[in-house]
Amino acid sequence: MVLLGTKKGAFILESTVGRKQWSVRGPYCQAWPIYHTVFDPATKSIYAGGGNAWFGPGVWRSDDLGETWSQSGEGFSYGDDGPRIDEIWHITPAQGALYAGASPAGLFRSEDQGKTWQHVASLRAHPSCPQWTPGAGGLCLHSLIVHPDDPQHMWVAISAVGTFESTDGGQSWMTRNKGVRAEFHPERYPEFGQCVHKLLLAADGKQLYQQNHCGVYRSSDFGAQWEEISAGLPSDFGFPLALHPRDAATLYVVPLNGAIEGRYVPDARMVVWRSTDRGDTWTPLTKGLPGEHAYLGVLREGMAVDALDPAGIYVGTSTGQLFGSNDEGESWQEIAAHLPPIFSVETAIVEG
């Protein structure tokens, strides 16, 4: 299954293990804007997070692979003195709990499969919070990682604030932005103020990667120090990032032509770039992708992999196309079109 969050609800695409023919169903979630849709293999539930201009933020849950849904926003509040929450940007199931990232930036946790939510107030209590400023997409917490072997070890990323790490289950947080450029900031390498676009942990549980407003980076020490790996790419600007499900040295990005140049793929050619050596070198993947007049953009949650062998790669565009590869990016096909703008792409493997 490929799970899509779009401007007009959640959609589900289904195929067999060969991943050659796809069916599409949806939209779900009452056609709310859905910023992230994810499958929890522990409970076999699908979660979708979003926001409605009239009704506020919400998380939807389906326990039957999308046939029926329930919705709750109970607990999404910063209190009477805090700002109003607009949307839920990201959901991460981990160790029997659910975490949700919100806009304006904050972290929430649920112990009852999303029925009720509690604010993890320690993050907004960080001394830097009064100086947090939004990126072009708002002040959103969009990346959320819980280490698979240590539920006390967590990372979050906020635009345009940067990366934070917790080693005590979210009771306290440390900035983790050393070595990351912020060309739009008065200080080129500030402690915080970087605009992370996507943050992911590799399959080995040791390597962190991020696509930033100002480059692609890797860290081998859990974010204490970052090294830029943008050399060889046509642009250091982009949003999405995807990692191979088994090989910690393989990653995929889709550069865009720049923050103020239109935010579409360079030269209007759709290219997915792959590195198999942790970003030391990059290879363009183009077979089956539009080679001209492709003024396409891909948003921060717009690329994902599946765990099959060979791995499948999926890229959704902000104009409603979904491209898929069933051979780790060597060849591509358009597997859906004419969808609403795609905000997020995730995958799930389930029994037929």
# chains A, B, ... in the order shown; residues from 1 in each chain; ligands from 1
>>> select_by_dssp(residues="segment 62-275 of chain A", states="strand (DSSP E or B)", output="ChimeraX atom specification")
/A:62,70-72,87-94,97-103,106-110,118-119,135,138,140-146,154-159,162-166,174-175,196-201,208-212,215-219,227-228,238-243,251-255,272-275
>>> closest_atom_pairs(of="segment 13-68 of chain A", to="segment 291-315 of chain A", cutoff="12 Å", atoms="only C-alpha atoms", output="tab-separated table")
residue	atom	partner	partner_atom	distance
A:Leu13	CA	A:Tyr314	CA	11.3
A:Ser15	CA	A:Gly312	CA	11.8
A:Thr16	CA	A:Leu308	CA	11.2
A:Val17	CA	A:Leu308	CA	7.9
A:Gly18	CA	A:Leu308	CA	9.6
A:Arg19	CA	A:Gly312	CA	8.2
A:Lys20	CA	A:Gly312	CA	10.9
A:Ile34	CA	A:Glu301	CA	11.3
A:Tyr35	CA	A:Glu301	CA	8.1
A:His36	CA	A:Glu301	CA	7.4
A:Thr37	CA	A:Glu301	CA	9.7
A:Val38	CA	A:Ala304	CA	11.0
A:Phe39	CA	A:Asp306	CA	11.9
>>> write_last_selection(atoms="C-alpha atoms", output="compact mmCIF listing (two decimals), in the first residue's frame")
# COMPACT_ATOMS: atom_id res chain seq x y z
CA LEU A 13 -3.00 2.93 -3.55
CA SER A 15 -0.72 -3.37 -5.60
CA THR A 16 0.72 -6.87 -5.39
CA VAL A 17 4.34 -7.56 -4.48
CA GLY A 18 5.37 -6.96 -8.11
CA ARG A 19 4.14 -3.36 -7.90
CA LYS A 20 3.25 -3.03 -11.60
CA ILE A 34 -4.02 15.77 5.37
CA TYR A 35 -0.34 16.51 5.90
CA HIS A 36 0.80 13.01 6.87
CA THR A 37 -0.61 9.48 6.63
CA VAL A 38 1.20 6.54 8.21
CA PHE A 39 0.70 2.83 8.97
>>> closest_atom_pairs(of="segment 110-206 of chain A", to="segment 87-98 of chain A", cutoff="6 Å", atoms="only C-alpha atoms", output="CSV")
residue,atom,partner,partner_atom,distance
A:Ser110,CA,A:Leu98,CA,5.1
A:Glu111,CA,A:Ala97,CA,5.1
A:His142,CA,A:His90,CA,5.4
>>> residues_around(residues="Glu183 of chain A", least_positions_apart="3", cutoff="12 Å", atoms="only C-alpha atoms", output="PyMOL selection string")
chain A and resi 180+186-190+193-195+212-215+236-237+259
>>> closest_residue(among="A:Asp327, A:Glu228, A:Asp267, A:Glu346", to="Arg181 of chain A", atoms="only C-alpha atoms")
A:Glu228
